$ cat coords-v5.cif   # mmCIF, C-alpha atoms and all ligand atoms
data_structure
loop_
_atom_site.label_atom_id
_atom_site.label_comp_id
_atom_site.auth_asym_id
_atom_site.auth_seq_id
_atom_site.Cartn_x
_atom_site.Cartn_y
_atom_site.Cartn_z
CA VAL A 1074 -7.93 -7.50 13.52
CA ARG A 1075 -9.72 -6.11 10.53
CA VAL A 1076 -7.95 -3.15 9.04
CA LEU A 1077 -9.87 -0.64 6.95
CA CYS A 1078 -11.54 -2.31 3.98
CA LEU A 1079 -9.48 -5.52 3.98
CA LYS A 1080 -11.44 -8.76 3.77
CA VAL A 1081 -8.68 -11.19 4.70
CA PRO A 1082 -6.35 -10.64 7.66
CA SER A 1083 -2.70 -11.65 7.18
CA ASP A 1084 -1.86 -15.07 8.55
CA ARG A 1085 0.44 -15.45 11.56
CA GLU A 1086 3.14 -17.05 9.43
CA TRP A 1087 3.71 -13.78 7.60
CA THR A 1088 4.71 -12.00 10.82
CA VAL A 1089 6.98 -14.90 11.74
CA ALA A 1090 8.66 -14.90 8.30
CA ALA A 1091 8.98 -11.10 8.25
CA THR A 1092 10.51 -10.71 11.71
CA ARG A 1093 12.90 -13.59 11.00
CA ASP A 1094 14.33 -11.70 8.03
CA LEU A 1095 13.80 -8.06 8.89
CA ASP A 1096 16.76 -6.99 6.73
CA ARG A 1097 15.03 -8.23 3.59
CA VAL A 1098 11.73 -6.75 4.67
CA LEU A 1099 13.40 -3.36 5.15
CA VAL A 1100 14.92 -3.41 1.65
CA ASP A 1101 11.56 -4.42 0.17
CA HIS A 1102 9.85 -1.76 2.26
CA ALA A 1103 12.15 0.97 0.91
CA HIS A 1104 11.16 0.01 -2.63
CA CYS A 1105 7.46 0.04 -1.67
CA GLU A 1106 7.74 3.61 -0.41
CA MET A 1107 9.49 4.69 -3.61
CA LYS A 1108 6.82 2.98 -5.72
CA ALA A 1109 4.07 4.68 -3.73
CA ALA A 1110 5.75 8.04 -4.41
CA THR A 1111 6.31 7.45 -8.13
CA ASN A 1112 2.80 6.07 -8.59
CA ALA A 1113 1.31 9.17 -6.95
CA LEU A 1114 3.46 11.43 -9.15
CA SER A 1115 2.57 9.62 -12.36
CA LEU A 1116 -1.14 9.78 -11.50
CA ALA A 1117 -0.80 13.51 -10.81
CA LEU A 1118 0.93 14.07 -14.16
CA ARG A 1119 -1.85 12.28 -16.03
CA HIS A 1120 -4.43 14.69 -14.65
CA PRO A 1121 -2.84 18.14 -14.91
CA ASP A 1122 -6.23 19.88 -15.14
CA ASP A 1123 -7.39 18.65 -11.76
CA LEU A 1124 -5.46 20.87 -9.39
CA ARG A 1125 -7.01 19.43 -6.25
CA LEU A 1126 -5.89 15.96 -7.32
CA VAL A 1127 -2.43 17.22 -8.29
CA ARG A 1128 -2.04 18.92 -4.91
CA ALA A 1129 -3.20 15.90 -2.90
CA LEU A 1130 -1.09 13.41 -4.86
CA THR A 1131 2.08 15.50 -4.73
CA ASP A 1132 1.59 15.96 -0.97
CA LEU A 1133 1.27 12.18 -0.75
CA ALA A 1134 4.39 11.66 -2.89
CA ARG A 1135 6.35 14.03 -0.66
CA GLU A 1136 5.38 12.02 2.40
CA GLU A 1137 6.25 8.70 0.72
CA ILE A 1138 9.68 10.09 -0.22
CA ASP A 1139 10.16 11.02 3.43
CA HIS A 1140 9.26 7.45 4.43
CA PHE A 1141 11.64 6.15 1.77
CA GLN A 1142 14.53 8.23 3.06
CA ARG A 1143 13.93 7.12 6.62
CA VAL A 1144 13.89 3.45 5.64
CA LEU A 1145 17.00 4.15 3.58
CA GLN A 1146 18.72 5.50 6.68
CA THR A 1147 17.90 2.28 8.53
CA ILE A 1148 19.20 0.23 5.60
CA GLU A 1149 22.46 2.21 5.61
CA SER A 1150 22.88 1.88 9.36
CA ARG A 1151 22.51 -1.90 9.04
CA GLY A 1152 25.09 -2.01 6.26
CA LEU A 1153 22.54 -3.22 3.70
CA SER A 1154 22.26 -2.18 0.08
CA LEU A 1155 19.13 -1.17 -1.77
CA GLY A 1156 19.56 -3.17 -4.95
CA THR A 1157 17.09 -3.20 -7.81
CA PRO A 1158 13.36 -3.26 -6.99
CA PRO A 1159 12.02 -6.78 -6.41
CA VAL A 1160 9.08 -7.85 -8.58
CA ASP A 1161 5.92 -6.73 -6.79
CA THR A 1162 3.61 -9.62 -7.67
CA TYR A 1163 0.98 -8.39 -5.25
CA ALA A 1164 0.60 -4.93 -6.83
CA ALA A 1165 0.83 -6.32 -10.36
CA GLU A 1166 -1.89 -8.90 -9.70
CA LEU A 1167 -4.09 -6.30 -8.06
CA ARG A 1168 -3.82 -4.05 -11.13
CA THR A 1169 -4.60 -6.99 -13.41
CA ALA A 1170 -7.60 -7.91 -11.25
CA ALA A 1171 -8.88 -4.33 -11.42
CA GLY A 1172 -8.57 -4.41 -15.22
CA ARG A 1173 -10.66 -7.59 -15.32
CA LEU A 1174 -13.56 -6.21 -13.30
CA PRO A 1175 -16.61 -5.40 -15.41
CA ARG A 1176 -16.43 -1.87 -16.78
CA VAL A 1177 -18.81 0.50 -15.09
CA HIS A 1178 -19.86 3.23 -17.47
CA ARG A 1179 -19.85 6.03 -14.90
CA LEU A 1180 -16.48 5.14 -13.40
CA SER A 1181 -13.35 6.54 -15.01
CA PRO A 1182 -10.14 4.45 -15.03
CA LEU A 1183 -8.80 7.00 -12.53
CA VAL A 1184 -11.22 5.68 -9.90
CA ASP A 1185 -9.78 2.16 -10.22
CA ARG A 1186 -6.21 3.46 -10.08
CA LEU A 1187 -6.96 5.40 -6.91
CA LEU A 1188 -8.74 2.44 -5.31
CA VAL A 1189 -5.91 0.04 -6.16
CA ALA A 1190 -3.45 2.49 -4.58
CA ALA A 1191 -5.78 2.81 -1.56
CA LEU A 1192 -5.89 -0.97 -1.12
CA ILE A 1193 -2.10 -1.19 -1.29
CA GLU A 1194 -1.96 1.43 1.47
CA ALA A 1195 -4.49 -0.53 3.52
CA ARG A 1196 -2.48 -3.76 3.27
CA SER A 1197 0.78 -1.93 4.05
CA CYS A 1198 -0.95 -0.39 7.05
CA GLU A 1199 -2.02 -3.81 8.30
CA ARG A 1200 1.45 -5.28 7.82
CA PHE A 1201 3.21 -2.35 9.51
CA LYS A 1202 0.87 -2.76 12.44
CA LEU A 1203 1.77 -6.45 12.67
CA LEU A 1204 5.48 -5.58 12.54
CA ALA A 1205 5.09 -2.91 15.23
CA GLY A 1206 3.42 -5.49 17.44
CA ALA A 1207 6.08 -8.13 16.84
CA ILE A 1208 9.25 -6.03 17.24
CA LYS A 1209 10.70 -5.78 20.74
CA GLY A 1210 9.87 -2.66 22.74
CA ASP A 1211 13.38 -1.17 22.88
CA ASP A 1212 14.00 -1.42 19.13
CA PRO A 1213 13.47 2.00 17.45
CA LEU A 1214 11.89 0.14 14.52
CA ARG A 1215 8.88 -0.52 16.71
CA ALA A 1216 8.14 3.21 17.05
CA PHE A 1217 8.88 3.71 13.36
CA TYR A 1218 6.36 1.07 12.25
CA THR A 1219 3.80 2.37 14.72
CA GLU A 1220 4.09 5.82 13.16
CA LEU A 1221 3.98 4.42 9.64
CA PHE A 1222 0.86 2.35 10.13
CA THR A 1223 -1.09 5.45 11.12
CA ALA A 1224 0.34 7.33 8.11
CA GLU A 1225 -0.70 4.56 5.70
CA ALA A 1226 -4.20 4.46 7.20
CA ARG A 1227 -4.43 8.19 6.47
CA HIS A 1228 -3.16 7.64 2.92
CA PHE A 1229 -5.89 5.05 2.39
CA ARG A 1230 -8.41 7.71 3.33
CA VAL A 1231 -6.85 10.38 1.08
CA LEU A 1232 -6.96 8.06 -1.95
CA TYR A 1233 -10.46 6.83 -1.17
CA ASP A 1234 -11.71 10.41 -0.86
CA LEU A 1235 -10.05 11.32 -4.18
CA ALA A 1236 -11.78 8.31 -5.77
CA ILE A 1237 -15.15 9.65 -4.61
CA VAL A 1238 -14.38 13.06 -6.11
CA ALA A 1239 -13.26 11.34 -9.33
CA ALA A 1240 -16.63 9.51 -9.35
CA ASN A 1241 -18.47 12.83 -9.07
CA GLY A 1242 -19.40 12.21 -5.47
CA ASP A 1243 -21.06 8.84 -6.05
CA THR A 1244 -19.97 7.20 -2.77
CA GLU A 1245 -22.22 4.19 -3.28
CA LEU A 1246 -20.66 3.38 -6.63
CA VAL A 1247 -17.12 3.78 -5.24
CA ASP A 1248 -17.92 1.61 -2.22
CA ALA A 1249 -19.28 -1.15 -4.45
CA ARG A 1250 -16.14 -0.98 -6.59
CA LEU A 1251 -13.89 -1.01 -3.52
CA ASP A 1252 -15.83 -4.00 -2.19
CA ALA A 1253 -15.25 -5.93 -5.43
CA LEU A 1254 -11.57 -4.97 -5.46
CA SER A 1255 -11.15 -5.98 -1.79
CA ASP A 1256 -12.50 -9.42 -2.66
CA ARG A 1257 -9.83 -9.78 -5.34
CA GLU A 1258 -7.19 -8.40 -2.97
CA GLY A 1259 -8.11 -11.01 -0.38
CA GLU A 1260 -7.77 -13.77 -2.98
CA ILE A 1261 -4.34 -12.48 -4.03
CA VAL A 1262 -3.07 -12.28 -0.44
CA THR A 1263 -4.37 -15.78 0.26
CA ARG A 1264 -2.64 -17.13 -2.84
CA LEU A 1265 0.67 -15.38 -2.03
CA ALA A 1266 0.55 -16.84 1.49
CA THR A 1267 1.26 -20.29 0.03
CA LYS A 1268 4.65 -19.16 -1.29
CA ASP A 1269 7.85 -20.02 0.58
CA ASP A 1270 9.52 -16.65 0.22
CA ARG A 1271 7.51 -14.25 2.37
CA ALA A 1272 9.97 -11.74 3.82
CA ALA A 1273 8.41 -8.84 1.93
CA ILE A 1274 5.84 -6.19 2.85
CA HIS A 1275 3.24 -7.72 0.54
CA GLY A 1276 4.67 -11.26 0.66
FE FE B 1 4.58 5.31 3.10
FE FE B 2 1.45 5.50 1.97
#
$ encode --input "coords-v5.cif" --output "structure tokens" --more "lines below"
Ligand SMILES: [Fe+2]
Ligand SMILES: [Fe+2]
Amino acid sequence: VRVLCLKVPSDREWTVAATRDLDRVLVDHAHCEMKAATNALSLALRHPDDLRLVRALTDLAREEIDHFQRVLQTIESRGLSLGTPPVDTYAAELRTAAGRLPRVHRLSPLVDRLLVAALIEARSCERFKLLAGAIKGDDPLRAFYTELFTAEARHFRVLYDLAIVAANGDTELVDARLDALSDREGEIVTRLATKDDRAAIHG
């Protein structure tokens, strides 16, 4: 299934690897939620004059913290520990790829930051949906991931809409930029799929 703006669907092997080692996926997932929250907060702090942006991003951060705490609860109940954040190659490569796109005069760096965050939400959404479909019906994690995939789809939309505002309403320009970024995102996901260690949300 195609999810949102994604060009490349996850391969079946990801779902197999993730459900085989759900404990590690949960720990990685907790860190992803925390990163989503801190990224939203740091973006908000960089643009203190834009109150609409500050409001939307702090609302988003609040929701990501809620997700984090709920994953944390699951981690605790399974007797797992959080540990230090794993290296997020996916997000790092996506940021690098965005930095390498040709500069567009009318697009502020904020637009790219919002679109990168939107793409991360879109991929998380896709992966949560795959997890929800693969987890057995009586496991409460199934309902949890079903709820989360709809939340992340909404977050994609929030960030995309903020990118349009940040581009002074130029939807066409933002869509072209998102299209270019989605191409890069698809390449990154395809490359990461060749790695052995895939029990991670963006693995
Ligand atoms: Fe989240
Ligand atoms: Fe999110």
$ residues_near_ligand --input "coords-v5.cif" --ligand "ligand FE 1 (chain B)" --cutoff "7 Å" --atoms "all atoms listed in the file" --output "mmCIF file with C-alpha atoms, in the coordinates of the input"
data_model
loop_
_atom_site.group_PDB
_atom_site.id
_atom_site.type_symbol
_atom_site.label_atom_id
_atom_site.label_comp_id
_atom_site.auth_asym_id
_atom_site.auth_seq_id
_atom_site.Cartn_x
_atom_site.Cartn_y
_atom_site.Cartn_z
ATOM 1 C CA GLU A 1106 7.740 3.610 -0.410
ATOM 2 C CA ALA A 1109 4.070 4.680 -3.730
ATOM 3 C CA GLU A 1136 5.380 12.020 2.400
ATOM 4 C CA GLU A 1137 6.250 8.700 0.720
ATOM 5 C CA HIS A 1140 9.260 7.450 4.430
ATOM 6 C CA LEU A 1221 3.980 4.420 9.640
ATOM 7 C CA ALA A 1224 0.340 7.330 8.110
ATOM 8 C CA GLU A 1225 -0.700 4.560 5.700
#
$ residues_near_ligand --input "coords-v5.cif" --ligand "ligand FE 2 (chain B)" --cutoff "10 Å" --atoms "all atoms listed in the file" --output "number ranges by chain"
A: 1105-1110, 1113, 1133-1134, 1136-1138, 1140, 1190-1191, 1193-1195, 1197-1198, 1221-1229, 1231-1232
$ closest_residue --input "coords-v5.cif" --among "A:Lys1080, A:His1275, A:Arg1250, A:Arg1257" --to "A:Ala1170" --atoms "all atoms listed in the file"
A:Arg1257
$ closest_residue --input "coords-v5.cif" --among "A:Leu1254, A:Leu1095, A:Ile1261, A:Leu1155" --to "A:Phe1141" --atoms "only C-alpha atoms"
A:Leu1155
$ residues_around --input "coords-v5.cif" --residues "A:Leu1183" --least-positions-apart "3" --cutoff "8 Å" --atoms "only C-alpha atoms" --output "mmCIF file with C-alpha atoms, in the coordinates of the input"
data_model
loop_
_atom_site.group_PDB
_atom_site.id
_atom_site.type_symbol
_atom_site.label_atom_id
_atom_site.label_comp_id
_atom_site.auth_asym_id
_atom_site.auth_seq_id
_atom_site.Cartn_x
_atom_site.Cartn_y
_atom_site.Cartn_z
ATOM 1 C CA LEU A 1180 -16.480 5.140 -13.400
ATOM 2 C CA ARG A 1186 -6.210 3.460 -10.080
ATOM 3 C CA LEU A 1187 -6.960 5.400 -6.910
ATOM 4 C CA ALA A 1236 -11.780 8.310 -5.770
ATOM 5 C CA ALA A 1239 -13.260 11.340 -9.330
#
$ closest_residue --input "coords-v5.cif" --among "A:Leu1124, A:Gly1206, A:Leu1174, A:Gln1142" --to "A:Ala1249" --atoms "all atoms listed in the file"
A:Leu1174
$ closest_residue --input "coords-v5.cif" --among "A:Asp1212, A:Asp1185, A:Glu1258, A:Asp1270" --to "A:Trp1087" --atoms "all atoms listed in the file"
A:Asp1270
$ atom_distance --input "coords-v5.cif" --atom1 "atom CA of A:His1178" --atom2 "atom CA of A:Val1247"
12.5 Å
$ residues_around --input "coords-v5.cif" --residues "A:Gly1276" --least-positions-apart "2" --cutoff "9 Å" --atoms "only C-alpha atoms" --output "list in words"
Trp1087, Ala1091, Asp1161, Thr1162, Tyr1163, Val1262, Leu1265, Ala1266, Lys1268, Asp1270, Arg1271, Ala1272, Ala1273 and Ile1274 of chain A
$ closest_residue --input "coords-v5.cif" --among "A:Pro1182, A:Arg1085, A:Ala1216, A:Val1189" --to "A:Glu1166" --atoms "all atoms listed in the file"
A:Val1189
$ closest_residue --input "coords-v5.cif" --among "A:Leu1130, A:Val1160, A:Val1100, A:Ala1171" --to "A:Ser1255" --atoms "only C-alpha atoms"
A:Ala1171
$ atom_distance --input "coords-v5.cif" --atom1 "atom CA of A:His1104" --atom2 "atom CA of A:Ile1148"
11.5 Å
$ atom_distance --input "coords-v5.cif" --atom1 "atom CA of A:Ser1083" --atom2 "atom CA of A:Asp1101"
17.5 Å
$ residues_around --input "coords-v5.cif" --residues "A:Leu1251" --least-positions-apart "5" --cutoff "9 Å" --atoms "only C-alpha atoms" --output "JSON, numbers by chain"
{"A": [1078, 1185, 1188, 1189, 1192, 1233, 1246, 1256]}
$ build_atoms --input "coords-v5.cif" --residues "stretch 1124-1139 of chain A" --atoms "N, CA, C and O atoms" --output "PDB file, in the frame of the given file"
ATOM      1  N   LEU A1124      -6.465  20.348 -10.318  1.00  0.00           N
ATOM      2  CA  LEU A1124      -5.460  20.870  -9.390  1.00  0.00           C
ATOM      3  C   LEU A1124      -5.596  20.318  -7.981  1.00  0.00           C
ATOM      4  O   LEU A1124      -4.609  20.144  -7.276  1.00  0.00           O
ATOM      5  N   ARG A1125      -6.809  20.009  -7.577  1.00  0.00           N
ATOM      6  CA  ARG A1125      -7.010  19.430  -6.250  1.00  0.00           C
ATOM      7  C   ARG A1125      -6.329  18.054  -6.169  1.00  0.00           C
ATOM      8  O   ARG A1125      -5.649  17.731  -5.187  1.00  0.00           O
ATOM      9  N   LEU A1126      -6.515  17.280  -7.241  1.00  0.00           N
ATOM     10  CA  LEU A1126      -5.890  15.960  -7.320  1.00  0.00           C
ATOM     11  C   LEU A1126      -4.367  16.075  -7.344  1.00  0.00           C
ATOM     12  O   LEU A1126      -3.657  15.351  -6.639  1.00  0.00           O
ATOM     13  N   VAL A1127      -3.877  17.020  -8.165  1.00  0.00           N
ATOM     14  CA  VAL A1127      -2.430  17.220  -8.290  1.00  0.00           C
ATOM     15  C   VAL A1127      -1.832  17.601  -6.932  1.00  0.00           C
ATOM     16  O   VAL A1127      -0.803  17.061  -6.516  1.00  0.00           O
ATOM     17  N   ARG A1128      -2.509  18.489  -6.236  1.00  0.00           N
ATOM     18  CA  ARG A1128      -2.040  18.920  -4.910  1.00  0.00           C
ATOM     19  C   ARG A1128      -1.989  17.741  -3.934  1.00  0.00           C
ATOM     20  O   ARG A1128      -0.992  17.490  -3.275  1.00  0.00           O
ATOM     21  N   ALA A1129      -3.104  17.007  -3.863  1.00  0.00           N
ATOM     22  CA  ALA A1129      -3.200  15.900  -2.900  1.00  0.00           C
ATOM     23  C   ALA A1129      -2.176  14.808  -3.211  1.00  0.00           C
ATOM     24  O   ALA A1129      -1.537  14.266  -2.300  1.00  0.00           O
ATOM     25  N   LEU A1130      -2.007  14.500  -4.493  1.00  0.00           N
ATOM     26  CA  LEU A1130      -1.090  13.410  -4.860  1.00  0.00           C
ATOM     27  C   LEU A1130       0.370  13.810  -4.702  1.00  0.00           C
ATOM     28  O   LEU A1130       1.212  12.977  -4.367  1.00  0.00           O
ATOM     29  N   THR A1131       0.679  15.083  -4.930  1.00  0.00           N
ATOM     30  CA  THR A1131       2.080  15.500  -4.730  1.00  0.00           C
ATOM     31  C   THR A1131       2.388  15.605  -3.233  1.00  0.00           C
ATOM     32  O   THR A1131       3.511  15.328  -2.814  1.00  0.00           O
ATOM     33  N   ASP A1132       1.398  15.995  -2.433  1.00  0.00           N
ATOM     34  CA  ASP A1132       1.590  15.960  -0.970  1.00  0.00           C
ATOM     35  C   ASP A1132       1.879  14.523  -0.518  1.00  0.00           C
ATOM     36  O   ASP A1132       2.759  14.276   0.301  1.00  0.00           O
ATOM     37  N   LEU A1133       1.094  13.599  -1.074  1.00  0.00           N
ATOM     38  CA  LEU A1133       1.270  12.180  -0.750  1.00  0.00           C
ATOM     39  C   LEU A1133       2.670  11.706  -1.166  1.00  0.00           C
ATOM     40  O   LEU A1133       3.374  11.062  -0.372  1.00  0.00           O
ATOM     41  N   ALA A1134       3.071  12.072  -2.380  1.00  0.00           N
ATOM     42  CA  ALA A1134       4.390  11.660  -2.890  1.00  0.00           C
ATOM     43  C   ALA A1134       5.503  12.197  -1.977  1.00  0.00           C
ATOM     44  O   ALA A1134       6.466  11.493  -1.673  1.00  0.00           O
ATOM     45  N   ARG A1135       5.350  13.428  -1.536  1.00  0.00           N
ATOM     46  CA  ARG A1135       6.350  14.030  -0.660  1.00  0.00           C
ATOM     47  C   ARG A1135       6.502  13.211   0.632  1.00  0.00           C
ATOM     48  O   ARG A1135       7.598  12.942   1.104  1.00  0.00           O
ATOM     49  N   GLU A1136       5.353  12.796   1.165  1.00  0.00           N
ATOM     50  CA  GLU A1136       5.380  12.020   2.400  1.00  0.00           C
ATOM     51  C   GLU A1136       5.990  10.624   2.183  1.00  0.00           C
ATOM     52  O   GLU A1136       6.730  10.104   3.023  1.00  0.00           O
ATOM     53  N   GLU A1137       5.682  10.024   1.022  1.00  0.00           N
ATOM     54  CA  GLU A1137       6.250   8.700   0.720  1.00  0.00           C
ATOM     55  C   GLU A1137       7.768   8.792   0.536  1.00  0.00           C
ATOM     56  O   GLU A1137       8.501   7.883   0.936  1.00  0.00           O
ATOM     57  N   ILE A1138       8.230   9.884  -0.069  1.00  0.00           N
ATOM     58  CA  ILE A1138       9.680  10.090  -0.220  1.00  0.00           C
ATOM     59  C   ILE A1138      10.328  10.217   1.161  1.00  0.00           C
ATOM     60  O   ILE A1138      11.413   9.682   1.401  1.00  0.00           O
ATOM     61  N   ASP A1139       9.648  10.902   2.061  1.00  0.00           N
ATOM     62  CA  ASP A1139      10.160  11.020   3.430  1.00  0.00           C
ATOM     63  C   ASP A1139      10.261   9.635   4.085  1.00  0.00           C
ATOM     64  O   ASP A1139      11.276   9.288   4.683  1.00  0.00           O
TER      65      ASP A1139
END
